[in-house]
Amino acid sequence: MANRIDQISGHLANSTSSWNSTTGSRIGFKSPDDVVIVSALRTAITRARRGPFKDTHPEKLLKAVLKATLDRTGINPALIEDVQVGNVLPAGGGATVARMAQLSAGFPVSSSISTVNRQCSSGLQAVHYIASAIENGSIEIGIGAGVESMTMGYGSGVMPASMDPEISEFGPAADCLLPMGITSENVAKNYNVTRQKQDQFAVLSHQRAVNAWKNGWFSEEVIPVEAIVTDKDGSEKKIIVKMDDGMRQDTTFESLSKLKPAFSKDGTTTAGNASQVSDGAAAVLLMKRKKAQQLGLPILGKFITFAVAGVPPSVMGIGPAFAIPKALQKASIGIKDVDIFELNEAFASQAVYCIEKLGLDVNKVNPKGGAIAIGHPLGCTGARQIATILTELKRQGKKIGVISMCIGSGMGAAAVVERE
């Protein structure tokens, strides 16, 4: 395993040595051809099966965030040529219901939409696809979005009923079938990430999320969504959902220390130091700078670059430790140039490993909390992180942000953005 990790590190170190940003946008320079973000919004992220979106279909969440994008920017939906939607769990790849959500949100039939599945990075992948299409001239304006209802899609039913035995029994391929919790245990064991470190990190995530909501730091990115909730007696109630519900003010190191391991009798991964199963949606509107100026739209930031990196499936959580350096090389910057990291907290084990491996300043990582407190609706997360990081860069008066996450089956993804 150590040799394989060294091979990956060497490959990434030699892969890019000069500036070659994905979109052609350069940090510190403004060009009419920069790919810019003019809107980044999300719904609240709520607990699957228990939260206020438990009776809301994913297409309803997607419609809400697409319509909010149109309403808040005032853009003519006919100008938006394509929408890419990251999702992981829906039947049929979510393609049909995504199109239905788009049309229901007010887009004309002349618009187009597609769904994307790179598992936990799907929302970020969708944004990257749109940014690249804008940069190469395929489209002028597009939306990269993400949505997931883990209430309605999560479970064993998402796996194939059968698989080719020759492939499924091949070593590295077989590891792709490992439960994500076991991969977390592998990271903790292989890289000595103790239970204490994991629980301490989880407490910090909750404290930061609680503090951010208390101070109104999420208000700019979160849209209110009307939802109908069915009670235990079958009665329905209409509510407005406008706040994440996963963070807990009473979470302490002592309380987390009492939880039993969730995946292995002698393990260290628990329900308290892993990401929450959640529902939510997010959408990011992009175009070139000159088009945003022509339309009189505010520029929140620009999309600089994107990178993916493969790692052993058995320790998939280490992916960001290899994707982040690759993205930074493409942007011609280093770790110390980054002001904020939005690192998805799939598990505390892998988040702690990546922070330590890269030498990140923990004060720069997830200053508003992460998926352990907020939740991780799989296809939504990458787009959600863009909305979260741009508002936080603005609040802090900072410029450079990195979004990253691990990916089931053994990958990592990362993107660099610059606040305007």
# chains A, B, ... in the order shown; residues from 1 in each chain; ligands from 1
call {"tool": "residues_around", "arguments": {"residues": "Leu103 of chain A", "least_positions_apart": "6", "cutoff": "10 Å", "atoms": "only C-alpha atoms", "output": "NGL selection string"}}
result
:A and (63 or 66-67 or 97 or 109-113)
call {"tool": "select_by_dssp", "arguments": {"residues": "segment 114-288 of chain A", "states": "strand (DSSP E or B)", "output": "PDB file with C-alpha atoms, in the first residue's frame"}}
result
ATOM      1  CA  SER A 114     -27.942  16.287 -18.279  1.00  0.00           C
ATOM      2  CA  THR A 115     -27.120  14.397 -15.101  1.00  0.00           C
ATOM      3  CA  VAL A 116     -23.632  13.514 -13.865  1.00  0.00           C
ATOM      4  CA  ILE A 141     -24.180  30.383 -20.091  1.00  0.00           C
ATOM      5  CA  GLY A 142     -24.845  27.317 -17.973  1.00  0.00           C
ATOM      6  CA  ILE A 143     -25.672  25.988 -14.539  1.00  0.00           C
ATOM      7  CA  GLY A 144     -23.749  23.337 -12.633  1.00  0.00           C
ATOM      8  CA  ALA A 145     -25.984  21.885  -9.962  1.00  0.00           C
ATOM      9  CA  GLY A 146     -26.320  18.980  -7.558  1.00  0.00           C
ATOM     10  CA  VAL A 147     -29.178  17.266  -5.753  1.00  0.00           C
ATOM     11  CA  GLU A 148     -29.760  14.237  -3.578  1.00  0.00           C
ATOM     12  CA  SER A 149     -32.554  12.798  -1.519  1.00  0.00           C
ATOM     13  CA  VAL A 222     -29.436  29.320   1.639  1.00  0.00           C
ATOM     14  CA  VAL A 225     -38.028  26.065   0.394  1.00  0.00           C
ATOM     15  CA  GLU A 226     -41.668  25.187   0.974  1.00  0.00           C
ATOM     16  CA  ALA A 227     -42.087  21.558   1.982  1.00  0.00           C
ATOM     17  CA  ILE A 228     -44.951  19.330   3.064  1.00  0.00           C
ATOM     18  CA  VAL A 229     -44.165  17.086   6.012  1.00  0.00           C
ATOM     19  CA  THR A 230     -46.261  14.041   6.863  1.00  0.00           C
ATOM     20  CA  GLU A 236     -49.718  16.830   6.470  1.00  0.00           C
ATOM     21  CA  LYS A 237     -48.216  20.155   7.412  1.00  0.00           C
ATOM     22  CA  LYS A 238     -46.771  22.832   5.117  1.00  0.00           C
ATOM     23  CA  ILE A 239     -43.547  24.421   6.374  1.00  0.00           C
ATOM     24  CA  ILE A 240     -40.762  26.684   5.125  1.00  0.00           C
ATOM     25  CA  VAL A 241     -37.323  25.106   5.392  1.00  0.00           C
ATOM     26  CA  ALA A 274     -18.884  10.459  10.091  1.00  0.00           C
ATOM     27  CA  SER A 278     -28.891  14.068   4.138  1.00  0.00           C
ATOM     28  CA  ASP A 279     -31.195  15.708   1.582  1.00  0.00           C
ATOM     29  CA  GLY A 280     -30.519  18.934  -0.333  1.00  0.00           C
ATOM     30  CA  ALA A 281     -29.739  20.736  -3.591  1.00  0.00           C
ATOM     31  CA  ALA A 282     -27.469  23.515  -4.885  1.00  0.00           C
ATOM     32  CA  ALA A 283     -26.926  25.391  -8.155  1.00  0.00           C
ATOM     33  CA  VAL A 284     -24.097  27.518  -9.582  1.00  0.00           C
ATOM     34  CA  LEU A 285     -24.643  29.888 -12.540  1.00  0.00           C
ATOM     35  CA  LEU A 286     -21.592  30.498 -14.747  1.00  0.00           C
ATOM     36  CA  MET A 287     -20.653  32.496 -17.841  1.00  0.00           C
ATOM     37  CA  LYS A 288     -17.718  34.486 -19.181  1.00  0.00           C
TER      38      LYS A 288
END
call {"tool": "residues_around", "arguments": {"residues": "Phe29 of chain A", "least_positions_apart": "3", "cutoff": "12 Å", "atoms": "only C-alpha atoms", "output": "list in words"}}
result
Gly24, Ser25, Arg26, Pro32, Asp33, Asp34, Arg289, Lys302, Ile304, Glu418, Arg419 and Glu420 of chain A
call {"tool": "write_last_selection", "arguments": {"atoms": "N, CA and C atoms", "output": "compact mmCIF listing (two decimals), in the first residue's frame"}}
result
# COMPACT_ATOMS: atom_id res chain seq x y z
N GLY A 24 -8.65 28.52 -18.25
CA GLY A 24 -7.92 29.65 -18.81
C GLY A 24 -7.98 30.88 -17.93
N SER A 25 -8.75 30.83 -16.82
CA SER A 25 -8.82 31.94 -15.88
C SER A 25 -7.59 31.90 -14.97
N ARG A 26 -6.94 33.02 -14.80
CA ARG A 26 -5.72 33.07 -13.99
C ARG A 26 -5.94 33.87 -12.72
N PRO A 32 -11.70 39.34 -20.08
CA PRO A 32 -13.08 39.21 -20.55
C PRO A 32 -13.51 37.75 -20.71
N ASP A 33 -12.53 36.86 -20.90
CA ASP A 33 -12.83 35.45 -21.12
C ASP A 33 -12.77 34.60 -19.86
N ASP A 34 -12.57 35.22 -18.70
CA ASP A 34 -12.64 34.47 -17.45
C ASP A 34 -14.00 33.78 -17.33
N ARG A 289 -16.82 36.48 -18.19
CA ARG A 289 -16.87 37.81 -17.59
C ARG A 289 -17.56 38.81 -18.51
N LYS A 302 -14.42 33.63 -9.78
CA LYS A 302 -14.16 32.91 -11.03
C LYS A 302 -13.67 31.50 -10.74
N ILE A 304 -11.29 28.71 -11.43
CA ILE A 304 -9.91 28.68 -11.92
C ILE A 304 -9.54 27.33 -12.52
N GLU A 418 -11.52 31.81 -7.19
CA GLU A 418 -11.03 33.10 -6.70
C GLU A 418 -12.20 34.04 -6.54
N ARG A 419 -12.38 34.57 -5.33
CA ARG A 419 -13.45 35.55 -5.11
C ARG A 419 -13.11 36.85 -5.82
N GLU A 420 -14.11 37.49 -6.36
CA GLU A 420 -13.90 38.74 -7.09
C GLU A 420 -13.51 39.85 -6.13
call {"tool": "residues_around", "arguments": {"residues": "Asn211 of chain A", "least_positions_apart": "6", "cutoff": "9 Å", "atoms": "only C-alpha atoms", "output": "list in words"}}
result
Trp217, Gln249, Lys368 and Gly369 of chain A
call {"tool": "write_last_selection", "arguments": {"atoms": "N, CA, C and O atoms", "output": "PDB file, in the first residue's frame"}}
result
ATOM      1  N   TRP A 217     -24.049  33.532   9.060  1.00  0.00           N
ATOM      2  CA  TRP A 217     -23.057  33.420   7.995  1.00  0.00           C
ATOM      3  C   TRP A 217     -23.513  32.547   6.827  1.00  0.00           C
ATOM      4  O   TRP A 217     -22.889  32.547   5.769  1.00  0.00           O
ATOM      5  N   GLN A 249     -25.760  21.658  19.045  1.00  0.00           N
ATOM      6  CA  GLN A 249     -25.055  22.548  19.955  1.00  0.00           C
ATOM      7  C   GLN A 249     -24.506  21.806  21.170  1.00  0.00           C
ATOM      8  O   GLN A 249     -23.502  22.211  21.766  1.00  0.00           O
ATOM      9  N   LYS A 368     -16.980  27.187   8.578  1.00  0.00           N
ATOM     10  CA  LYS A 368     -18.401  27.174   8.942  1.00  0.00           C
ATOM     11  C   LYS A 368     -18.896  25.756   9.234  1.00  0.00           C
ATOM     12  O   LYS A 368     -20.090  25.491   9.231  1.00  0.00           O
ATOM     13  N   GLY A 369     -17.953  24.868   9.511  1.00  0.00           N
ATOM     14  CA  GLY A 369     -18.316  23.477   9.736  1.00  0.00           C
ATOM     15  C   GLY A 369     -18.391  22.726   8.420  1.00  0.00           C
ATOM     16  O   GLY A 369     -18.328  23.316   7.340  1.00  0.00           O
TER      17      GLY A 369
END
call {"tool": "closest_atom_pairs", "arguments": {"of": "segment 208-303 of chain A", "to": "segment 370-373 of chain A", "cutoff": "9 Å", "atoms": "only C-alpha atoms", "output": "Markdown table"}}
result
| residue | atom | partner | partner_atom | distance |
| --- | --- | --- | --- | --- |
| A:Arg208 | CA | A:Gly370 | CA | 8.4 |
| A:Ala209 | CA | A:Ala373 | CA | 6.5 |
| A:Val210 | CA | A:Ala373 | CA | 8.6 |
| A:Asp245 | CA | A:Ala373 | CA | 8.7 |
| A:Gly246 | CA | A:Ala373 | CA | 5.5 |
| A:Met247 | CA | A:Ala373 | CA | 4.4 |
| A:Arg248 | CA | A:Ala373 | CA | 7.3 |
| A:Gly272 | CA | A:Ile372 | CA | 7.5 |
| A:Asn273 | CA | A:Ile372 | CA | 6.4 |
| A:Ala274 | CA | A:Ile372 | CA | 5.6 |
| A:Ser275 | CA | A:Ile372 | CA | 4.0 |
| A:Gln276 | CA | A:Ile372 | CA | 5.8 |
call {"tool": "atom_distance", "arguments": {"atom1": "atom CA of Asn136 of chain A", "atom2": "atom CA of Gly106 of chain A"}}
result
27.0 Å
call {"tool": "closest_atom_pairs", "arguments": {"of": "segment 159-229 of chain A", "to": "segment 351-356 of chain A", "cutoff": "12 Å", "atoms": "only C-alpha atoms", "output": "JSON lines"}}
result
{"residue": "A:Ser184", "atom": "CA", "partner": "A:Ala351", "partner_atom": "CA", "distance": 10.0}
{"residue": "A:Glu185", "atom": "CA", "partner": "A:Tyr353", "partner_atom": "CA", "distance": 12.0}
{"residue": "A:Asn186", "atom": "CA", "partner": "A:Tyr353", "partner_atom": "CA", "distance": 11.5}
{"residue": "A:Val187", "atom": "CA", "partner": "A:Tyr353", "partner_atom": "CA", "distance": 7.7}
{"residue": "A:Ala188", "atom": "CA", "partner": "A:Tyr353", "partner_atom": "CA", "distance": 8.0}
{"residue": "A:Lys189", "atom": "CA", "partner": "A:Tyr353", "partner_atom": "CA", "distance": 10.9}
{"residue": "A:Asn190", "atom": "CA", "partner": "A:Tyr353", "partner_atom": "CA", "distance": 10.2}
{"residue": "A:Tyr191", "atom": "CA", "partner": "A:Tyr353", "partner_atom": "CA", "distance": 7.2}
{"residue": "A:Asn192", "atom": "CA", "partner": "A:Tyr353", "partner_atom": "CA", "distance": 8.7}
{"residue": "A:Val193", "atom": "CA", "partner": "A:Tyr353", "partner_atom": "CA", "distance": 6.7}
{"residue": "A:Thr194", "atom": "CA", "partner": "A:Val352", "partner_atom": "CA", "distance": 9.6}
{"residue": "A:Arg195", "atom": "CA", "partner": "A:Val352", "partner_atom": "CA", "distance": 10.8}
{"residue": "A:Gln196", "atom": "CA", "partner": "A:Val352", "partner_atom": "CA", "distance": 11.0}
{"residue": "A:Lys197", "atom": "CA", "partner": "A:Val352", "partner_atom": "CA", "distance": 7.4}
{"residue": "A:Gln198", "atom": "CA", "partner": "A:Val352", "partner_atom": "CA", "distance": 7.1}
{"residue": "A:Asp199", "atom": "CA", "partner": "A:Val352", "partner_atom": "CA", "distance": 10.3}
{"residue": "A:Gln200", "atom": "CA", "partner": "A:Val352", "partner_atom": "CA", "distance": 10.0}
{"residue": "A:Phe201", "atom": "CA", "partner": "A:Val352", "partner_atom": "CA", "distance": 7.4}
{"residue": "A:Ala202", "atom": "CA", "partner": "A:Val352", "partner_atom": "CA", "distance": 9.9}
{"residue": "A:Leu204", "atom": "CA", "partner": "A:Val352", "partner_atom": "CA", "distance": 11.8}
{"residue": "A:Ser205", "atom": "CA", "partner": "A:Ala351", "partner_atom": "CA", "distance": 11.1}
call {"tool": "atom_distance", "arguments": {"atom1": "atom CA of Val36 of chain A", "atom2": "atom CA of Gln396 of chain A"}}
result
20.0 Å
call {"tool": "closest_residue", "arguments": {"among": "A:His206, A:Ile324, A:Gly123, A:Asp266", "to": "Phe253 of chain A", "atoms": "only C-alpha atoms"}}
result
A:His206
call {"tool": "closest_residue", "arguments": {"among": "A:Pro108, A:Gly74, A:Gly412, A:Gly334", "to": "Val38 of chain A", "atoms": "only C-alpha atoms"}}
result
A:Gly74
call {"tool": "residues_around", "arguments": {"residues": "Ala95 of chain A", "least_positions_apart": "2", "cutoff": "12 Å", "atoms": "only C-alpha atoms", "output": "number ranges by chain"}}
result
A: 58-59, 83-93, 97-102, 112-117, 147
call {"tool": "residues_around", "arguments": {"residues": "Pro179 of chain A", "least_positions_apart": "6", "cutoff": "12 Å", "atoms": "only C-alpha atoms", "output": "list in words"}}
result
Gly155, Ser156, Met159, Glu185, Asn186, Ala262, Phe263, Ser264, Pro313, Ser314, Val315, Met316, Gly317, Gly408 and Ser409 of chain A
